[in-house]
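Okay, data-v5.txt now, which holds compact mmCIF, C-alpha atoms:
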```txt
# COMPACT_ATOMS: atom_id res chain seq x y z
CA MET J 29 37.54 127.56 72.18
CA ASN J 30 39.99 130.42 71.58
CA LYS J 31 41.24 129.61 68.12
CA TYR J 32 43.98 132.24 67.83
CA THR J 33 47.35 132.43 69.50
CA VAL J 34 47.60 135.98 68.11
CA LYS J 35 44.60 137.88 66.70
CA LEU J 36 45.59 140.55 64.17
CA SER J 37 42.39 141.82 62.52
CA ASP J 38 38.65 141.40 63.03
CA ASN J 39 38.25 142.09 59.31
CA GLY J 40 40.81 139.55 58.16
CA ASN J 41 39.81 136.94 55.59
CA ILE J 42 42.80 134.57 55.79
CA ALA J 43 43.93 132.76 58.94
CA VAL J 44 47.48 131.42 59.23
CA ASP J 45 48.53 128.56 61.45
CA ASP J 46 51.34 129.07 63.95
CA THR J 47 53.95 127.13 61.95
CA ILE J 48 53.86 129.78 59.21
CA LEU J 49 55.79 133.03 59.64
CA VAL J 50 54.12 136.42 59.73
CA LYS J 51 56.49 139.35 60.03
CA ASP J 52 56.80 140.85 63.54
CA VAL J 53 54.16 138.46 64.91
CA GLN J 54 55.01 135.65 67.35
CA SER J 55 55.38 132.42 65.39
CA ALA J 56 56.04 129.63 67.84
CA ALA J 57 54.74 126.48 66.10
CA GLY J 58 52.64 125.76 69.18
CA SER J 59 55.77 125.19 71.27
CA ARG J 60 57.10 126.84 74.40
CA ILE J 61 60.60 126.55 72.94
CA LEU J 62 59.86 129.34 70.44
CA GLU J 63 57.86 131.58 72.79
CA GLY J 64 58.52 135.21 71.94
CA PHE J 65 60.07 134.53 68.53
CA LYS J 66 59.02 137.24 66.05
CA PRO J 67 60.33 136.75 62.50
CA LEU J 68 61.82 139.52 60.40
CA PHE J 69 59.89 138.43 57.29
CA SER J 70 56.68 136.68 56.31
CA ALA J 71 56.33 133.35 54.57
CA GLU J 72 56.19 133.63 50.78
CA ALA J 73 52.57 132.44 50.69
CA VAL J 74 51.57 135.08 53.25
CA SER J 75 53.36 137.81 51.29
CA ARG J 76 51.65 136.83 48.05
CA LEU J 77 48.22 136.90 49.68
CA GLU J 78 48.83 140.31 51.26
CA GLN J 79 50.09 141.69 47.95
CA ALA J 80 46.88 140.42 46.34
CA GLY J 81 44.78 142.35 48.88
CA TYR J 82 43.93 139.66 51.39
CA VAL J 83 44.11 140.48 55.10
CA ILE J 84 45.56 138.12 57.71
CA SER J 85 43.12 137.61 60.58
CA GLY J 86 45.70 136.10 62.91
CA LYS J 87 47.80 133.10 63.88
CA THR J 88 45.78 130.02 64.83
CA HIS J 89 46.79 127.41 67.38
CA VAL J 90 48.61 124.35 66.09
CA GLY J 91 49.96 121.25 67.83
CA GLU J 92 53.66 121.50 68.65
CA PHE J 93 55.51 121.55 65.33
CA GLY J 94 52.46 120.01 63.66
CA LEU J 95 53.16 116.56 65.11
CA ASP J 96 49.87 115.77 66.85
CA LEU J 97 46.57 114.34 65.55
CA VAL J 98 44.59 117.41 64.45
CA GLY J 99 46.46 120.35 65.98
CA GLU J 100 45.00 120.08 69.47
CA PHE J 101 48.18 120.12 71.60
CA SER J 102 49.40 123.70 71.40
CA TYR J 103 51.26 124.98 74.42
CA TYR J 104 49.29 128.21 74.12
CA ALA J 105 45.77 126.82 73.82
CA GLU J 106 43.32 125.85 76.51
CA LYS J 107 43.04 122.10 76.78
CA LYS J 108 39.63 120.89 75.63
CA GLU J 109 38.01 117.47 75.48
CA GLU J 110 36.78 117.95 71.91
CA LEU J 111 39.11 116.94 69.11
CA LYS J 112 39.24 119.97 66.84
CA GLY J 113 41.80 121.95 64.87
CA ALA J 114 41.78 125.73 65.30
CA ALA J 115 42.32 126.76 61.66
CA ALA J 116 39.67 124.31 60.45
CA GLU J 117 37.19 125.61 63.03
CA VAL J 118 37.78 129.24 62.01
CA VAL J 119 36.94 128.33 58.41
CA ALA J 120 33.96 126.19 59.45
CA ALA J 121 32.53 129.08 61.47
CA GLY J 122 32.70 131.36 58.42
CA GLU J 123 35.03 133.79 60.16
CA VAL J 124 37.49 133.72 57.24
CA LYS J 125 37.45 132.74 53.57
CA ALA J 126 40.35 130.32 53.97
CA ALA J 127 43.28 129.38 56.17
CA LEU J 128 46.86 128.32 55.52
CA GLY J 129 48.24 125.23 57.23
CA VAL J 130 51.33 123.03 57.02
CA ASP J 131 50.58 119.38 56.31
CA MET J 132 53.30 116.95 57.29
CA ASN J 133 51.50 113.86 58.59
CA GLY J 134 47.85 114.45 57.71
CA THR J 135 47.06 116.67 60.71
CA THR J 136 45.43 119.35 58.61
CA ARG J 137 43.34 116.93 56.56
CA ARG J 138 42.08 115.13 59.66
CA ALA J 139 41.21 118.49 61.23
CA ALA J 140 39.33 119.50 58.09
CA ALA J 141 37.37 116.25 58.08
CA LEU J 142 36.30 116.67 61.72
CA SER J 143 35.18 120.26 61.14
CA GLY J 144 33.35 119.59 57.87
CA VAL J 145 35.60 121.71 55.65
CA ASP J 146 38.09 120.94 52.88
CA PHE J 147 41.88 120.95 52.90
CA LEU J 148 44.21 120.62 49.94
CA LYS J 149 47.75 119.32 50.40
CA PRO J 150 49.30 120.51 47.12
CA THR J 151 51.84 118.72 44.97
CA TYR J 152 55.26 119.00 46.60
CA GLY J 153 57.06 122.08 45.31
CA SER J 154 54.03 123.78 43.79
CA VAL J 155 53.63 126.11 46.81
CA SER J 156 56.71 127.71 48.37
CA ARG J 157 57.75 126.40 51.78
CA TYR J 158 59.85 129.50 52.37
CA GLY J 159 58.89 130.92 55.75
CA ILE J 160 57.45 127.85 57.46
CA ILE J 161 58.88 126.36 60.65
CA SER J 162 60.06 123.09 59.21
CA CYS J 163 60.02 119.76 60.98
CA ALA J 164 60.29 117.23 58.12
CA ALA J 165 61.17 119.08 54.94
CA SER J 166 60.77 116.11 52.62
CA GLY J 167 57.13 115.54 53.49
CA GLU J 168 55.57 118.82 54.53
CA GLN J 169 53.65 121.15 52.25
CA LEU J 170 51.86 124.40 52.81
CA GLY J 171 48.21 123.92 51.94
CA VAL J 172 44.81 125.58 52.18
CA TYR J 173 41.66 125.07 54.25
CA GLY J 174 38.43 126.22 52.62
CA ALA J 175 34.70 125.96 53.16
CA ASP J 176 34.54 124.53 49.62
CA VAL J 177 36.80 123.79 46.68
CA ALA J 178 36.03 127.15 45.07
CA GLY J 179 37.61 128.96 48.02
CA ILE J 180 40.65 126.70 47.93
CA LYS J 181 41.03 127.24 44.18
CA GLU J 182 40.95 131.02 44.64
CA VAL J 183 43.72 130.99 47.24
CA MET J 184 45.85 128.38 45.49
CA GLU J 185 45.97 130.44 42.32
CA VAL J 186 47.51 133.24 44.37
CA ILE J 187 50.08 131.31 46.40
CA ALA J 188 51.14 128.54 43.96
CA GLY J 189 54.05 129.03 41.61
CA HIS J 190 57.83 129.07 41.50
CA ASP J 191 59.76 130.79 44.29
CA GLU J 192 63.51 131.20 43.86
CA LYS J 193 63.93 131.40 47.64
CA ASP J 194 62.78 127.77 48.00
CA GLY J 195 65.26 125.24 46.67
CA THR J 196 62.53 122.60 46.32
CA SER J 197 60.17 124.86 44.34
CA LEU J 198 59.00 123.56 40.97
CA ARG J 199 59.78 125.63 37.90
CA GLU J 200 56.21 126.50 36.84
CA GLU J 201 55.69 130.22 37.39
CA LYS J 202 51.94 129.93 37.98
CA TYR J 203 49.30 127.23 38.21
CA SER J 204 45.64 127.23 37.27
CA TYR J 205 43.18 124.90 38.95
CA SER J 206 39.90 123.45 37.68
CA ILE J 207 36.98 122.43 39.87
CA ASP J 208 34.72 121.38 37.01
CA GLU J 209 36.43 118.19 35.87
CA PRO J 210 34.10 115.14 36.07
CA VAL J 211 34.93 112.70 38.87
CA ALA J 212 32.29 110.06 38.05
CA GLY J 213 33.78 106.60 37.95
CA LYS J 214 36.80 107.36 40.11
CA LYS J 215 37.35 105.07 43.06
CA VAL J 216 38.45 105.73 46.63
CA CYS J 217 39.84 103.01 48.86
CA ILE J 218 38.59 102.57 52.42
CA ILE J 219 40.84 100.38 54.55
CA LYS J 220 38.57 97.64 55.88
CA GLU J 221 40.61 97.12 59.05
CA LEU J 222 40.23 100.79 60.01
CA LEU J 223 36.53 100.78 59.22
CA ALA J 224 36.06 97.76 61.51
CA LYS J 225 37.34 99.83 64.46
CA ALA J 226 35.00 102.79 63.87
CA ASP J 227 31.75 103.27 65.81
CA GLU J 228 28.45 102.39 64.13
CA ASP J 229 27.47 106.00 63.38
CA THR J 230 30.77 106.63 61.61
CA VAL J 231 30.50 103.40 59.65
CA LEU J 232 26.96 104.21 58.50
CA TYR J 233 27.99 107.75 57.60
CA ALA J 234 30.94 106.61 55.57
CA LYS J 235 29.64 103.61 53.70
CA TRP J 236 27.73 104.90 50.70
CA GLU J 237 29.07 101.72 49.21
CA GLU J 238 29.20 98.57 51.28
CA LEU J 239 32.33 96.54 51.73
CA PRO J 240 32.98 94.06 48.90
CA ASP J 241 30.90 91.28 50.48
CA ASP J 242 27.71 93.37 50.44
CA SER J 243 25.37 92.05 47.75
CA LEU J 244 23.49 95.34 47.37
CA TYR J 245 26.53 97.17 46.04
CA THR J 246 27.58 94.14 43.98
CA ASN J 247 24.15 93.96 42.35
CA LEU J 248 24.22 97.66 41.57
CA ASN J 249 27.62 97.50 39.89
CA SER J 250 26.55 94.40 37.98
CA ALA J 251 23.40 96.16 36.77
CA VAL J 252 25.32 99.17 35.49
CA ALA J 253 27.79 96.91 33.67
CA ASP J 254 24.97 94.86 32.11
CA ILE J 255 23.00 97.89 30.96
CA SER J 256 26.08 99.56 29.50
CA LEU J 257 26.80 96.39 27.52
CA ILE J 258 23.24 96.35 26.20
CA ALA J 259 23.44 99.98 25.09
CA ASP J 260 26.72 99.33 23.29
CA ARG J 261 25.37 96.24 21.51
CA LEU J 262 22.15 97.96 20.48
CA GLU J 263 24.08 100.92 19.09
CA ARG J 264 26.28 98.57 17.05
CA GLY J 265 23.25 96.60 15.83
CA GLU J 266 24.42 93.30 17.37
CA GLY J 267 22.18 90.51 18.68
CA THR J 268 19.09 89.06 17.04
CA LEU J 269 17.38 92.48 17.14
CA GLY J 270 15.46 92.14 13.87
CA ARG J 271 13.35 89.29 15.13
CA LEU J 272 11.79 88.00 18.30
CA LEU J 273 14.66 87.46 20.73
CA SER J 274 15.14 83.90 21.93
CA SER J 275 15.86 83.09 25.55
CA ASP J 276 19.39 81.93 24.71
CA ASP J 277 20.38 85.22 23.10
CA SER J 278 23.08 86.85 25.22
CA LEU J 279 21.67 90.34 24.72
CA TYR J 280 18.30 89.27 26.08
CA THR J 281 20.00 87.44 28.96
CA ASN J 282 22.01 90.51 29.88
CA LEU J 283 18.91 92.66 29.80
CA ASN J 284 16.91 90.34 32.03
CA SER J 285 19.88 90.09 34.40
CA ALA J 286 20.02 93.89 34.64
CA VAL J 287 16.30 94.13 35.38
CA ALA J 288 16.54 91.41 38.02
CA ASP J 289 19.58 93.00 39.67
CA ILE J 290 18.05 96.46 39.87
CA SER J 291 14.66 95.11 40.98
CA SER J 292 16.46 93.29 43.79
CA ILE J 293 18.20 96.54 44.76
CA ALA J 294 14.91 98.44 44.77
CA ASP J 295 13.27 95.83 46.97
CA ARG J 296 16.15 95.86 49.44
CA LEU J 297 16.20 99.66 49.60
CA GLU J 298 12.44 99.73 50.17
CA ARG J 299 12.77 97.22 53.04
CA GLY J 300 15.63 99.25 54.55
CA GLU J 301 18.20 96.50 54.12
CA GLY J 302 21.91 97.17 53.73
CA THR J 303 23.65 100.42 54.60
CA LEU J 304 22.09 102.26 51.67
CA GLY J 305 18.63 101.05 52.56
CA LYS J 306 18.99 102.47 56.07
CA LEU J 307 19.92 105.84 54.61
CA LEU J 308 17.17 106.07 52.00
CA SER J 309 13.46 106.54 52.55
CA SER J 310 10.73 105.62 50.07
CA ASP J 311 10.21 109.28 49.15
CA ASP J 312 13.90 109.85 48.56
CA GLU J 313 14.84 111.14 45.10
CA MET J 314 17.35 108.34 44.70
CA TYR J 315 14.59 105.78 45.26
CA THR J 316 12.46 107.55 42.66
CA ASN J 317 15.32 107.40 40.16
CA LEU J 318 15.72 103.71 40.87
CA ASN J 319 12.06 102.97 40.18
CA ALA J 320 12.26 104.99 36.95
CA THR J 321 15.26 102.90 35.94
CA VAL J 322 13.41 99.64 36.50
CA GLU J 323 10.42 100.92 34.53
CA ASN J 324 12.63 102.00 31.62
CA LEU J 325 14.30 98.62 31.52
CA ARG J 326 10.99 96.78 31.54
CA ILE J 327 9.84 98.88 28.58
CA VAL J 328 13.05 98.02 26.75
CA SER J 329 12.68 94.33 27.57
CA ASP J 330 9.06 94.22 26.36
CA ARG J 331 9.94 96.01 23.11
CA LEU J 332 12.88 93.74 22.41
CA VAL J 333 10.80 90.60 22.99
CA THR J 334 8.07 91.82 20.64
CA GLY J 335 10.52 92.99 17.99
CA GLN J 336 9.58 96.67 18.16
CA GLY J 337 11.89 99.59 17.38
CA THR J 338 14.41 99.87 14.58
CA LEU J 339 16.16 96.74 15.88
CA GLY J 340 17.34 95.34 12.55
CA LYS J 341 19.73 98.21 11.89
CA LEU J 342 22.15 100.36 13.78
CA LEU J 343 20.00 102.27 16.24
CA SER J 344 19.99 106.03 15.84
CA GLU J 345 20.15 108.54 18.69
CA ASP J 346 16.50 109.48 18.20
CA ASP J 347 15.20 105.91 18.35
CA GLU J 348 12.80 105.53 21.27
CA LEU J 349 14.20 102.16 22.30
CA TYR J 350 17.74 103.45 22.38
CA GLY J 351 16.54 106.46 24.36
CA ASN J 352 14.95 104.19 26.95
CA VAL J 353 18.16 102.24 27.42
CA ASN J 354 20.26 105.39 27.73
CA GLY J 355 17.71 106.75 30.20
CA ALA J 356 18.11 103.66 32.33
CA VAL J 357 21.89 103.95 32.36
CA THR J 358 21.68 107.67 33.21
CA ASP J 359 19.27 107.04 36.09
CA VAL J 360 21.54 104.44 37.68
CA ARG J 361 24.63 106.58 37.29
CA GLU J 362 22.80 109.59 38.80
CA MET J 363 21.78 107.43 41.72
CA LEU J 364 25.39 106.42 42.31
CA ASP J 365 26.53 110.05 42.13
CA ASP J 366 23.77 111.11 44.55
CA MET J 367 24.86 108.42 46.99
CA ARG J 368 28.44 109.60 46.82
CA GLU J 369 27.45 113.24 47.35
CA ALA J 370 24.83 112.62 50.04
CA ASN J 371 27.15 110.62 52.26
CA THR J 372 30.31 112.70 51.83
CA LEU J 373 32.73 109.83 51.64
CA SER J 374 35.62 112.31 51.54
CA THR J 375 34.87 113.50 55.06
CA PHE J 376 35.25 110.03 56.54
CA SER J 377 38.24 109.31 54.32
CA GLY J 378 39.93 112.45 55.60
CA LEU J 379 39.22 111.46 59.21
CA LEU J 380 41.00 108.14 58.79
CA PHE J 381 43.90 108.77 56.51
CA GLY J 382 44.04 112.29 55.24
CA GLY J 383 41.33 112.46 52.57
CA PHE J 384 41.88 112.38 48.87
```
Let me see the file written as structure tokens.
Amino acid sequence: MNKYTVKLSDNGNIAVDDTILVKDVQSAAGSRILEGFKPLFSAEAVSRLEQAGYVISGKTHVGEFGLDLVGEFSYYAEKKEELKGAAAEVVAAGEVKAALGVDMNGTTRRAAALSGVDFLKPTYGSVSRYGIISCAASGEQLGVYGADVAGIKEVMEVIAGHDEKDGTSLREEKYSYSIDEPVAGKKVCIIKELLAKADEDTVLYAKWEELPDDSLYTNLNSAVADISLIADRLERGEGTLGRLLSSDDSLYTNLNSAVADISSIADRLERGEGTLGKLLSSDDEMYTNLNATVENLRIVSDRLVTGQGTLGKLLSEDDELYGNVNGAVTDVREMLDDMREANTLSTFSGLLFGGF
């Protein structure tokens, strides 16, 4: 697959899609209509990158005016059966650090998902649109493909910021981006009707969490909620605590419920049931974490029943019982995070509706 409509430098580290102007280089937006058009100036984002020392590798193929699925229908590109976007493929192959693309209808994000790279569609007005071949000004933004978020961050901090030549540019002169903010606990929606139309491999790849009717995921969420409640109540010194817990004590009930839920999950994973069970093997680190969680909870349960630990007072951070409970919560949350990371939900999400 020839990814470039015009190749400029073998040593370039930034690719630019064909809807973005580069001075004196054909910029045709993938269309025969603009064949031979060579602009007198470069897009603002291109100029800023060149001023910062980056080198443009060339102009990559793009679907006519960015209106196709992933950028596959360029007048200038050979027609291939595979569904790939040129800029995304250049980044995926490691030929450049990053690539610029214009996102109007999710084309760039779908292309990134199919090629296993990232794409950021920035907040409207944060990156100048001066020097792009516009098709729908109210919805299109100039964004960045990268092999990872660190590469995108690096480029965004060069190209983002106010541009007086763009009437829709926001007033902030510069932007700084963080890639270290915690994302645990955030939720992403998968449209069930779209998932139902995907092939089995795609469904298995995407579903680190089952659809709402899957009891495995429900049990897991229930267990985390129960354990968190226990930890909070122990820390506040609530419940019977100072004596042998009775079976009708809500703290004890919650604890037993958590143990039962997580034990059920462990059994189902071990038997290979549910989507997660199919993905995990018995020697998988996530399975090990799960077993450690169950063991921690059983220790807690035994100690509560026999009245061990500080129990009768507000538990301190160094109390062994409190440590066991916190260990259990940490193990479950790590398992959830591992599942999210291992199954790259964002890739499938990008394939369907532009990522997140």
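Candidate residues J:Tyr158, J:Tyr173, J:Tyr104, J:Tyr152 were compared for distance to Arg138 (chain J), and the nearest is J:Tyr173, using all atoms listed in the file.
Take the candidates J:Glu117, J:Glu123, J:Glu100, J:Glu192 and check each one against Ser156 (chain J) using all atoms listed in the file; the shortest distance goes to J:Glu192.
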Can you pull out the residues contacting Ile180 (chain J)? Cut-off 12 Å, using only C-alpha atoms, and skip same-chain residues under 2 positions away; I want them as a compact mmCIF listing (two decimals) with C-alpha atoms, in the frame of the given file.
```txt
# COMPACT_ATOMS: atom_id res chain seq x y z
CA ILE J 42 42.80 134.57 55.79
CA VAL J 119 36.94 128.33 58.41
CA LYS J 125 37.45 132.74 53.57
CA ALA J 126 40.35 130.32 53.97
CA ALA J 127 43.28 129.38 56.17
CA LEU J 128 46.86 128.32 55.52
CA VAL J 145 35.60 121.71 55.65
CA ASP J 146 38.09 120.94 52.88
CA PHE J 147 41.88 120.95 52.90
CA LEU J 148 44.21 120.62 49.94
CA LYS J 149 47.75 119.32 50.40
CA PRO J 150 49.30 120.51 47.12
CA GLY J 171 48.21 123.92 51.94
CA VAL J 172 44.81 125.58 52.18
CA TYR J 173 41.66 125.07 54.25
CA GLY J 174 38.43 126.22 52.62
CA ALA J 175 34.70 125.96 53.16
CA ASP J 176 34.54 124.53 49.62
CA VAL J 177 36.80 123.79 46.68
CA ALA J 178 36.03 127.15 45.07
CA GLU J 182 40.95 131.02 44.64
CA VAL J 183 43.72 130.99 47.24
CA MET J 184 45.85 128.38 45.49
CA GLU J 185 45.97 130.44 42.32
CA VAL J 186 47.51 133.24 44.37
CA ILE J 187 50.08 131.31 46.40
CA ALA J 188 51.14 128.54 43.96
CA SER J 204 45.64 127.23 37.27
CA TYR J 205 43.18 124.90 38.95
CA SER J 206 39.90 123.45 37.68
CA ILE J 207 36.98 122.43 39.87
```
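Using only C-alpha atoms, the smallest distance between any of J:Ser70, J:Ser37, J:Ser59, J:Gln169 and Gly129 (chain J) comes from J:Gln169.
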Residue neighbourhood Ile160 (chain J), 10 Å, all atoms listed in the file, exclusion window fewer than 6 positions, as number ranges by chain
J: 45-50, 55, 57, 70-73, 129-130, 168-170
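Here CA of Arg60 (chain J) is placed at a distance of 17.3 Å from CA of Lys31 (chain J).
The nearest approach to Ser154 (chain J) among the residues J:Val216, J:Leu36, J:Leu198, J:Ala139, with only C-alpha atoms taken into account, belongs to J:Leu198.
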